[in-house]
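Engineer: Input file: structure_7.tsv. Contents: TSV, C-alpha atoms.
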```
chain	number	residue	atom	x	y	z
A	123	MET	CA	0.00	0.00	0.00
A	124	LEU	CA	1.21	3.52	-0.83
A	125	MET	CA	-0.24	6.55	0.93
A	126	VAL	CA	0.27	9.93	-0.73
A	127	GLY	CA	-0.54	13.16	1.07
A	128	PRO	CA	0.87	16.38	2.52
A	129	PRO	CA	2.91	16.50	5.76
A	130	GLY	CA	0.83	16.09	8.90
A	131	SER	CA	-2.07	14.29	7.23
A	132	GLY	CA	-1.64	11.18	9.39
A	133	LYS	CA	0.12	8.77	7.00
A	134	SER	CA	2.65	7.54	9.56
A	135	MET	CA	0.00	7.21	12.25
A	136	LEU	CA	-2.18	5.07	9.97
A	137	ALA	CA	0.75	2.80	9.16
A	138	GLN	CA	1.65	2.37	12.84
A	139	ARG	CA	-1.92	1.31	13.61
A	140	LEU	CA	-1.97	-1.42	10.96
A	141	PRO	CA	-0.51	-4.21	13.16
A	142	SER	CA	-3.32	-3.62	15.66
A	143	ILE	CA	-5.97	-4.75	13.14
A	144	LEU	CA	-4.07	-7.81	11.91
A	145	PRO	CA	-4.72	-11.23	13.49
A	146	PRO	CA	-2.14	-12.55	15.99
A	147	LEU	CA	0.69	-14.70	14.71
A	148	ALA	CA	-0.16	-18.36	14.26
A	149	PRO	CA	2.17	-20.82	16.08
A	150	LYS	CA	4.14	-21.60	12.90
A	151	GLU	CA	4.44	-17.91	12.05
A	152	LEU	CA	5.53	-17.11	15.61
A	153	LEU	CA	8.31	-19.69	15.37
A	154	GLU	CA	9.59	-18.27	12.07
A	155	VAL	CA	9.53	-14.68	13.36
A	156	SER	CA	11.32	-15.71	16.56
A	157	MET	CA	14.03	-17.57	14.66
A	158	ILE	CA	14.82	-14.49	12.56
A	159	ALA	CA	14.87	-12.27	15.65
A	160	SER	CA	17.18	-14.75	17.37
A	161	VAL	CA	19.65	-14.75	14.45
A	162	THR	CA	19.90	-10.96	14.58
A	163	GLY	CA	20.09	-10.79	18.38
A	164	GLU	CA	16.75	-8.99	18.71
A	165	LEU	CA	14.96	-11.62	20.78
A	166	GLY	CA	14.99	-9.66	24.02
A	167	GLU	CA	15.47	-11.91	27.07
A	168	GLY	CA	14.13	-14.85	25.11
A	169	LYS	CA	10.60	-13.44	25.20
A	170	LEU	CA	8.11	-14.36	22.47
A	171	THR	CA	5.16	-12.29	21.34
A	172	ASP	CA	2.28	-13.05	19.01
A	173	ARG	CA	2.19	-9.42	17.83
A	174	ARG	CA	3.13	-9.04	14.18
A	175	PRO	CA	6.44	-7.27	13.50
A	176	PHE	CA	6.48	-3.61	12.49
A	177	ARG	CA	9.72	-2.29	11.01
A	178	ALA	CA	10.25	1.31	9.95
A	179	PRO	CA	13.82	1.86	8.68
A	180	HIS	CA	15.09	5.39	8.01
A	181	HIS	CA	15.36	6.42	4.37
A	182	SER	CA	19.16	6.51	4.71
A	183	ALA	CA	19.22	2.69	5.16
A	184	SER	CA	21.59	0.91	2.80
A	185	MET	CA	20.65	-1.96	0.52
A	186	ALA	CA	22.38	-4.44	2.86
A	187	ALA	CA	20.45	-3.06	5.83
A	188	MET	CA	17.20	-3.40	3.91
A	189	VAL	CA	17.45	-6.84	2.29
A	190	GLY	CA	20.35	-8.39	4.23
A	191	GLY	CA	24.02	-8.98	3.64
A	192	GLY	CA	27.15	-7.34	4.99
A	193	LEU	CA	30.53	-8.84	5.83
A	194	ARG	CA	28.87	-11.29	8.18
A	195	VAL	CA	25.66	-12.03	6.34
A	196	ARG	CA	22.54	-11.39	8.42
A	197	PRO	CA	18.86	-10.72	7.71
A	198	GLY	CA	17.79	-7.21	6.77
A	199	GLU	CA	14.75	-5.12	7.65
A	200	VAL	CA	12.56	-6.86	5.10
A	201	SER	CA	13.19	-10.25	6.79
A	202	LEU	CA	12.78	-8.79	10.27
A	203	ALA	CA	9.31	-7.72	9.08
A	204	HIS	CA	8.45	-11.30	8.02
A	205	HIS	CA	4.72	-11.97	8.63
A	206	GLY	CA	4.34	-8.31	9.57
A	207	VAL	CA	4.58	-4.79	8.22
A	208	LEU	CA	7.52	-3.01	6.60
A	209	PHE	CA	6.84	0.73	6.66
A	210	LEU	CA	8.87	3.02	4.40
A	211	ASP	CA	8.22	6.66	5.20
A	212	GLU	CA	9.31	9.32	2.67
A	213	LEU	CA	9.51	6.60	0.00
A	214	PRO	CA	11.18	8.66	-2.77
A	215	GLU	CA	14.01	9.58	-0.38
A	216	PHE	CA	15.29	5.98	-0.35
A	217	THR	CA	17.93	5.31	-2.98
A	218	PRO	CA	16.54	3.77	-6.19
A	219	GLN	CA	18.84	0.76	-5.78
A	220	THR	CA	17.50	0.06	-2.29
A	221	LEU	CA	13.88	0.33	-3.43
A	222	ASP	CA	14.37	-1.89	-6.47
A	223	ALA	CA	16.03	-4.51	-4.25
A	224	LEU	CA	12.56	-5.02	-2.72
A	225	ARG	CA	11.10	-6.24	-5.99
A	226	GLN	CA	12.19	-9.86	-5.59
A	227	PRO	CA	11.09	-10.23	-1.92
A	228	LEU	CA	7.68	-8.73	-2.77
A	229	GLU	CA	7.27	-11.23	-5.59
A	230	THR	CA	8.60	-14.44	-4.01
A	231	GLY	CA	8.47	-13.81	-0.24
A	232	ASP	CA	12.21	-14.55	0.11
A	233	CYS	CA	15.47	-12.61	0.23
A	234	VAL	CA	18.34	-14.38	-1.53
A	235	ILE	CA	21.82	-13.16	-0.53
A	236	ALA	CA	24.44	-14.49	-2.95
A	237	ARG	CA	28.17	-14.13	-2.35
A	238	ALA	CA	31.23	-15.68	-3.96
A	239	ASN	CA	31.53	-18.44	-1.36
A	240	HIS	CA	28.01	-18.87	-0.05
A	241	ARG	CA	24.31	-18.32	-0.71
A	242	VAL	CA	21.71	-17.62	1.99
A	243	THR	CA	17.93	-17.36	1.73
A	244	TYR	CA	15.89	-15.54	4.38
A	245	PRO	CA	12.08	-15.50	4.52
A	246	ALA	CA	10.50	-12.11	3.77
A	247	ARG	CA	6.74	-12.42	3.36
A	248	ILE	CA	5.66	-8.90	4.29
A	249	GLN	CA	3.00	-6.28	3.90
A	250	LEU	CA	4.76	-3.27	2.40
A	251	VAL	CA	3.28	0.06	3.49
A	252	ALA	CA	4.84	3.25	2.16
A	253	ALA	CA	4.13	6.94	2.56
A	254	MET	CA	5.21	9.98	0.59
A	255	ASN	CA	4.44	13.62	-0.02
A	256	PRO	CA	2.90	14.38	-3.44
A	257	CYS	CA	5.94	16.51	-4.37
A	258	ARG	CA	9.23	17.70	-2.88
A	259	CYS	CA	7.50	20.80	-1.52
A	260	GLY	CA	4.95	18.51	0.09
A	261	MET	CA	1.75	20.41	-0.69
A	262	ALA	CA	1.02	19.82	-4.38
A	263	GLY	CA	-2.70	19.63	-5.09
A	264	GLU	CA	-3.75	21.18	-1.79
A	265	PRO	CA	-6.39	23.96	-2.03
A	266	GLY	CA	-4.89	27.43	-1.74
A	267	TYR	CA	-1.34	26.23	-2.37
A	268	ARG	CA	0.62	26.91	-5.53
A	269	CYS	CA	3.98	25.25	-6.05
A	270	LEU	CA	6.50	27.63	-7.62
A	271	ARG	CA	7.94	24.81	-9.73
A	272	GLY	CA	4.52	23.75	-10.95
A	273	GLU	CA	3.69	20.25	-12.16
A	274	ARG	CA	7.38	19.53	-12.75
A	275	CYS	CA	7.93	19.32	-8.98
A	276	ARG	CA	5.36	16.54	-8.66
A	277	THR	CA	6.41	14.50	-11.69
A	278	GLU	CA	10.14	14.60	-10.91
A	279	TYR	CA	9.57	13.59	-7.30
A	280	GLN	CA	7.22	10.73	-8.10
A	281	ALA	CA	9.49	9.53	-10.90
A	282	ARG	CA	12.06	8.50	-8.28
A	283	ILE	CA	9.95	5.36	-7.80
A	284	SER	CA	10.38	2.85	-10.61
A	285	GLY	CA	7.47	1.48	-12.62
A	286	PRO	CA	8.30	-2.19	-11.81
A	287	LEU	CA	8.14	-1.46	-8.07
A	288	LEU	CA	4.84	0.40	-8.43
A	289	ASP	CA	3.47	-2.57	-10.36
A	290	ARG	CA	3.91	-4.61	-7.16
A	291	ILE	CA	1.96	-2.14	-5.00
A	292	ASP	CA	-1.73	-3.03	-4.97
A	293	LEU	CA	-3.23	0.01	-3.22
A	294	ARG	CA	-2.45	3.66	-3.75
A	295	ILE	CA	-4.44	5.95	-1.48
A	296	GLU	CA	-4.69	9.75	-1.41
A	297	VAL	CA	-4.57	11.03	2.18
A	298	PRO	CA	-5.96	14.60	2.37
A	299	ALA	CA	-4.72	17.24	4.78
A	300	VAL	CA	-6.37	17.35	8.20
A	301	SER	CA	-8.18	20.63	8.84
A	302	THR	CA	-8.68	22.32	12.20
A	303	SER	CA	-12.38	21.48	12.10
A	304	ASP	CA	-11.50	17.81	11.67
A	305	LEU	CA	-9.48	17.95	14.89
A	306	ILE	CA	-12.11	19.84	16.87
A	307	ARG	CA	-15.19	18.00	15.64
A	308	PRO	CA	-16.14	15.31	18.21
A	309	ASP	CA	-17.14	12.63	15.71
A	310	LYS	CA	-16.85	9.05	16.91
A	311	ALA	CA	-14.30	6.95	15.07
A	312	GLU	CA	-14.39	3.21	14.53
A	313	THR	CA	-12.08	1.41	16.95
A	314	SER	CA	-9.17	-0.77	15.89
A	315	ALA	CA	-10.84	-3.68	17.69
A	316	ALA	CA	-13.93	-3.40	15.47
A	317	VAL	CA	-11.81	-3.28	12.32
A	318	ALA	CA	-9.74	-6.23	13.57
A	319	GLN	CA	-12.92	-8.31	13.87
A	320	ARG	CA	-13.82	-7.64	10.23
A	321	VAL	CA	-10.29	-8.55	9.15
A	322	ALA	CA	-10.41	-11.75	11.20
A	323	ARG	CA	-13.73	-12.77	9.62
A	324	ALA	CA	-12.39	-12.14	6.11
A	325	ARG	CA	-9.21	-14.08	6.88
A	326	ALA	CA	-11.27	-17.00	8.18
A	327	ILE	CA	-13.35	-17.04	4.98
A	328	GLN	CA	-10.20	-17.09	2.87
A	329	ARG	CA	-8.53	-19.81	4.95
A	330	GLU	CA	-11.56	-22.12	4.82
A	331	ARG	CA	-12.00	-21.60	1.07
A	332	LEU	CA	-8.37	-22.36	0.30
A	333	GLU	CA	-8.34	-25.39	2.60
A	334	ARG	CA	-11.25	-26.84	0.62
A	335	LEU	CA	-9.23	-26.38	-2.55
A	336	GLY	CA	-6.15	-27.98	-1.02
A	337	ALA	CA	-4.05	-24.87	-1.58
A	338	ALA	CA	-0.95	-24.16	0.48
A	339	ALA	CA	-1.83	-20.46	0.76
A	340	THR	CA	-4.04	-19.16	3.55
A	341	THR	CA	-4.83	-15.69	2.15
A	342	ASN	CA	-5.83	-14.30	-1.23
A	343	ALA	CA	-2.60	-12.34	-1.45
A	344	HIS	CA	-0.50	-15.51	-1.55
A	345	CYS	CA	-2.62	-17.43	-4.07
A	346	PRO	CA	-1.00	-18.51	-7.35
A	347	PRO	CA	-2.62	-17.12	-10.53
A	348	ALA	CA	-4.49	-20.35	-11.39
A	349	ILE	CA	-6.27	-20.43	-8.03
A	350	ILE	CA	-7.07	-16.72	-7.87
A	351	GLU	CA	-8.63	-16.91	-11.33
A	352	GLU	CA	-10.89	-19.69	-10.03
A	353	ILE	CA	-11.95	-18.16	-6.70
A	354	ALA	CA	-12.19	-14.56	-7.96
A	355	ARG	CA	-14.12	-15.21	-11.15
A	356	PRO	CA	-16.27	-12.05	-11.53
A	357	ASP	CA	-19.89	-11.86	-12.57
A	358	ALA	CA	-20.80	-10.74	-16.11
A	359	ALA	CA	-20.84	-7.00	-15.31
A	360	GLY	CA	-17.57	-7.27	-13.43
A	361	LEU	CA	-15.92	-9.22	-16.23
A	362	THR	CA	-16.84	-6.53	-18.76
A	363	LEU	CA	-15.45	-3.81	-16.49
A	364	LEU	CA	-12.24	-5.75	-15.90
A	365	LYS	CA	-11.74	-6.34	-19.62
A	366	ASP	CA	-12.26	-2.68	-20.49
A	367	ALA	CA	-9.97	-1.48	-17.68
A	368	SER	CA	-7.23	-3.96	-18.63
A	369	GLU	CA	-7.21	-2.70	-22.20
A	370	LYS	CA	-7.37	1.01	-21.40
A	371	LEU	CA	-4.81	0.93	-18.59
A	372	ALA	CA	-2.60	-1.70	-20.26
A	373	PHE	CA	-2.43	-3.94	-17.19
A	374	SER	CA	0.49	-6.32	-17.00
A	375	ALA	CA	-0.26	-9.95	-16.17
A	376	ARG	CA	0.88	-9.22	-12.62
A	377	ALA	CA	-1.41	-6.19	-12.33
A	378	TYR	CA	-4.36	-8.20	-13.68
A	379	HIS	CA	-4.02	-10.91	-11.05
A	380	ARG	CA	-3.36	-8.40	-8.27
A	381	VAL	CA	-6.60	-6.60	-9.14
A	382	LEU	CA	-8.42	-9.92	-8.84
A	383	LYS	CA	-6.83	-10.56	-5.44
A	384	VAL	CA	-7.86	-7.16	-4.11
A	385	ALA	CA	-11.39	-7.55	-5.51
A	386	ARG	CA	-11.72	-11.02	-3.96
A	387	THR	CA	-10.62	-9.61	-0.60
A	388	LEU	CA	-13.11	-6.74	-0.85
A	389	ALA	CA	-15.84	-9.29	-1.55
A	390	ASP	CA	-14.74	-11.30	1.49
A	391	LEU	CA	-14.97	-8.20	3.68
A	392	ASP	CA	-18.55	-7.87	2.42
A	393	ALA	CA	-19.13	-11.60	3.04
A	394	SER	CA	-20.04	-11.95	-0.64
A	395	GLU	CA	-19.57	-15.25	-2.44
A	396	THR	CA	-19.34	-13.50	-5.80
A	397	VAL	CA	-16.85	-10.88	-6.93
A	398	GLY	CA	-19.12	-8.18	-8.30
A	399	ARG	CA	-18.65	-5.09	-10.41
A	400	ILE	CA	-18.50	-2.89	-7.30
A	401	HIS	CA	-15.58	-4.87	-5.88
A	402	LEU	CA	-13.67	-4.75	-9.15
A	403	ALA	CA	-14.36	-1.04	-9.58
A	404	GLU	CA	-12.84	-0.30	-6.18
A	405	ALA	CA	-9.83	-2.55	-6.81
A	406	ILE	CA	-9.21	-0.93	-10.21
A	407	SER	CA	-9.48	2.57	-8.72
A	408	TYR	CA	-6.54	1.78	-6.43
A	409	ARG	CA	-4.54	0.46	-9.36
A	410	MET	CA	-5.34	3.46	-11.60
A	411	SER	CA	-3.47	5.83	-9.29
A	412	ALA	CA	-0.44	3.56	-9.39
A	413	GLU	CA	-0.58	3.45	-13.19
A	414	ARG	CA	-0.47	7.25	-13.38
A	415	MET	CA	2.61	7.30	-11.17
A	416	ALA	CA	4.23	4.59	-13.27
A	417	GLN	CA	3.76	6.73	-16.38
A	418	ALA	CA	5.60	9.56	-14.64
A	419	ALA	CA	8.41	7.14	-13.78
```
Could you render the structure from this file as structure tokens?
Structural biologist:
Amino acid sequence: MLMVGPPGSGKSMLAQRLPSILPPLAPKELLEVSMIASVTGELGEGKLTDRRPFRAPHHSASMAAMVGGGLRVRPGEVSLAHHGVLFLDELPEFTPQTLDALRQPLETGDCVIARANHRVTYPARIQLVAAMNPCRCGMAGEPGYRCLRGERCRTEYQARISGPLLDRIDLRIEVPAVSTSDLIRPDKAETSAAVAQRVARARAIQRERLERLGAAATTNAHCPPAIIEEIARPDAAGLTLLKDASEKLAFSARAYHRVLKVARTLADLDASETVGRIHLAEAISYRMSAERMAQAA
């Protein structure tokens, strides 16, 4: 997921809250996370926790710090976030080489460190969450603000993120600035516990469905293309919409299947057996923003 918005709009806060709505680690996941923490010396006093990892490296982190390596090879931030969240704030400020090194872990769920005399593979199945300002000035597109550099400021800043990396990001969300009235208004907000219950129900639906099919995956996100095409087959209206969007936006094969995964998950959150046009429309809307950024890149 990529959140784009001006400074102070709450992007970092939203990312930090994400682990609170995710289900606790399963016993097998807990063991894997603990083993990685033990290798890196981060298993404090031998204590285990079922809370999913949350890693937020600074944008000055090197490629070795991010994906692993060094003189004495050890796991990087992406492996320390295994079964959890890797949060990259100020995404365009990371070096392009460091960002593109994430492409393989996002695709395969593993980090492969190859050296002249050895080869090590670390698990890295993560949820990538990133945040960025819309331009270097930070306020592009905000009412009442005019960037002196114009549209060039936005396009040059967003072009620091490569198209292939954006193709692996399923959700791109605009986060508007928070006004004073938003802070003062005493509206009630939905609690993390309530959201966590919806996530747990959707996860249970996915797990039971995939168990019936004999699949190794437990979530839609980890399904191979053949299975996701079967379980996310849209209705007639949705199929027409998906076909038109694929042609107009020139979806890659990866983008096509990722749209299906997001749509299937949206349908699960609605407890719907069928992936409808409304679910596909929402999934495609997230992808359309990423496609516009990829064109700038």
Engineer: Where does range 256-338 of chain A meet range 394-398 of chain A within 12 Å, residue by residue, with the nearest atom pair and distance in Å to one decimal for each, counting only C-alpha atoms, listed by chain and rising number, as JSON lines?
Structural biologist:
```
{"residue": "A:Ala324", "atom": "CA", "partner": "A:Ser394", "partner_atom": "CA", "distance": 10.2}
{"residue": "A:Ile327", "atom": "CA", "partner": "A:Glu395", "partner_atom": "CA", "distance": 9.8}
{"residue": "A:Gln328", "atom": "CA", "partner": "A:Glu395", "partner_atom": "CA", "distance": 10.9}
{"residue": "A:Arg331", "atom": "CA", "partner": "A:Glu395", "partner_atom": "CA", "distance": 10.5}
```
Engineer: Can you tell me how far CA of Asp289 in chain A sits from CA of Glu333 in chain A, in Å to one decimal?
Structural biologist: 28.8 Å
Engineer: To one decimal place in Å, what is the distance between CA of Met188 in chain A and CA of Gly231 in chain A?
Structural biologist: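 Straight-line distance from CA of Met188 in chain A to CA of Gly231 in chain A works out to 14.2 Å.
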Engineer: Determine the nearest neighbour of Leu213 in chain A from the options A:Ile350, A:Leu287, A:Ile400, A:Ala159, counting all atoms listed in the file.
Structural biologist: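 Of the candidates, the smallest distance to Leu213 in chain A is held by A:Leu287.
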Engineer: Mind pulling up the distance from CA of Pro214 in chain A to CA of Lys370 in chain A?
Structural biologist: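 Between CA of Lys370 in chain A and CA of Pro214 in chain A the gap works out to 27.4 Å.
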Engineer: Write out as a CSV table (one decimal) with C-alpha atoms, in the frame of the given file which residues come within 12 Å of Ala367 in chain A when counting all atoms listed in the file, dropping same-chain ones fewer than 2 positions away.
Structural biologist:
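part_38.csv, written as the output of this step:
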```
chain,number,residue,atom,x,y,z
A,360,GLY,CA,-17.6,-7.3,-13.4
A,361,LEU,CA,-15.9,-9.2,-16.2
A,362,THR,CA,-16.8,-6.5,-18.8
A,363,LEU,CA,-15.4,-3.8,-16.5
A,364,LEU,CA,-12.2,-5.8,-15.9
A,365,LYS,CA,-11.7,-6.3,-19.6
A,369,GLU,CA,-7.2,-2.7,-22.2
A,370,LYS,CA,-7.4,1.0,-21.4
A,371,LEU,CA,-4.8,0.9,-18.6
A,372,ALA,CA,-2.6,-1.7,-20.3
A,373,PHE,CA,-2.4,-3.9,-17.2
A,374,SER,CA,0.5,-6.3,-17.0
A,377,ALA,CA,-1.4,-6.2,-12.3
A,378,TYR,CA,-4.4,-8.2,-13.7
A,381,VAL,CA,-6.6,-6.6,-9.1
A,399,ARG,CA,-18.6,-5.1,-10.4
A,402,LEU,CA,-13.7,-4.8,-9.2
A,403,ALA,CA,-14.4,-1.0,-9.6
A,404,GLU,CA,-12.8,-0.3,-6.2
A,405,ALA,CA,-9.8,-2.6,-6.8
A,406,ILE,CA,-9.2,-0.9,-10.2
A,407,SER,CA,-9.5,2.6,-8.7
A,409,ARG,CA,-4.5,0.5,-9.4
A,410,MET,CA,-5.3,3.5,-11.6
A,413,GLU,CA,-0.6,3.4,-13.2
```
Engineer: Build an axis-aligned box that encloses every atom of range 402-411 of chain A listed in the file, pad it by 5 Å on each side, and report its centre and edge lengths in Å to one decimal, as lines of an AutoDock Vina configuration file.
Structural biologist:
```
center_x = -8.9
center_y = 0.5
center_z = -8.9
size_x = 20.9
size_y = 20.6
size_z = 15.4
```
Engineer: Taking into account only C-alpha atoms, which residue in the set A:Met254, A:Cys233, A:Ala393, A:Ala316 is nearest to Ser134 in chain A?
Structural biologist: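 Going through A:Met254, A:Cys233, A:Ala393, A:Ala316 one by one, the smallest distance to Ser134 in chain A is for A:Met254.
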Engineer: Would you pick out the contacts of Val234 in chain A at 9 Å or less, using all atoms listed in the file, so that residues sharing its chain but fewer than 6 positions from it are not included, and give the list as a list in words?
Structural biologist: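 Contacts, in chain order: Val189, Gly190, Gln226, Pro227, Arg241, Val242, Thr243, Tyr244 and Pro245 of chain A.
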Engineer: Could you save the residues just selected, with C-alpha atoms, as a short mmCIF file (atom, residue, chain, number, x, y, z; two decimals), in the frame of the given file?
Structural biologist:
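Dumped everything to part_28.cif:
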```
data_model
loop_
_atom_site.label_atom_id
_atom_site.label_comp_id
_atom_site.auth_asym_id
_atom_site.auth_seq_id
_atom_site.Cartn_x
_atom_site.Cartn_y
_atom_site.Cartn_z
CA VAL A 189 17.45 -6.84 2.29
CA GLY A 190 20.35 -8.39 4.23
CA GLN A 226 12.19 -9.86 -5.59
CA PRO A 227 11.09 -10.23 -1.92
CA ARG A 241 24.31 -18.32 -0.71
CA VAL A 242 21.71 -17.62 1.99
CA THR A 243 17.93 -17.36 1.73
CA TYR A 244 15.89 -15.54 4.38
CA PRO A 245 12.08 -15.50 4.52
#
```
Engineer: Smallest atom-to-atom distance to Pro179 in chain A: which of A:Gly192, A:Gly198, A:Gly285, A:Gly127, using all atoms listed in the file?
Structural biologist: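 Of all the options, A:Gly198 lies closest to Pro179 in chain A.
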Engineer: Counting all atoms listed in the file, what is within 10 Å of Thr220 in chain A, bar same-chain residues fewer than 5 positions away, as number ranges by chain?
Structural biologist: A: 181-189, 225
Engineer: Would you list the residues near (11.8, -10.1, 12.0) (no more than 7 Å away, in the coordinates of the file, using all atoms listed in the file) as a PyMOL selection string?
Structural biologist: chain A and resi 155+158-159+175+201-204
Engineer: For those residues, write C-alpha atoms to a file as a PDB file, in the coordinates of the input.
Structural biologist:
```
ATOM      1  CA  VAL A 155       9.530 -14.680  13.360  1.00  0.00           C
ATOM      2  CA  ILE A 158      14.820 -14.490  12.560  1.00  0.00           C
ATOM      3  CA  ALA A 159      14.870 -12.270  15.650  1.00  0.00           C
ATOM      4  CA  PRO A 175       6.440  -7.270  13.500  1.00  0.00           C
ATOM      5  CA  SER A 201      13.190 -10.250   6.790  1.00  0.00           C
ATOM      6  CA  LEU A 202      12.780  -8.790  10.270  1.00  0.00           C
ATOM      7  CA  ALA A 203       9.310  -7.720   9.080  1.00  0.00           C
ATOM      8  CA  HIS A 204       8.450 -11.300   8.020  1.00  0.00           C
TER       9      HIS A 204
END
```
Engineer: Compare A:Ala148, A:Leu210, A:Ala236, A:Ala178 by their minimum atom-to-atom distance to Arg196 in chain A, counting only C-alpha atoms, and give me the closest one.
Structural biologist: A:Ala236
Engineer: Excluding range 335-340 of chain A and its own-chain neighbours fewer than 5 positions away, which residues fall within 10 Å of it when counting only C-alpha atoms? Please give them as a list in words.
Structural biologist: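 Here the qualifying residues turn out to be Arg325, Ala326, Ile327, Gln328, Arg329, Glu330, Cys345, Pro346, Ile349 and Ile353 of chain A.
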Engineer: Rank A:Ala253, A:Ala358, A:Leu270, A:Ala385 by their smallest atom-to-atom distance to Arg294 in chain A, using only C-alpha atoms, and report the top residue only.
Structural biologist: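 Between A:Ala253, A:Ala358, A:Leu270, A:Ala385, the residue approaching Arg294 in chain A most closely is A:Ala253.
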Engineer: Name the residues in contact with Arg376 in chain A at a cut-off of 10 Å, using all atoms listed in the file, excluding same-chain residues fewer than 6 positions from it; report them as a PyMOL selection string.
Structural biologist: chain A and resi 229+289-290+347
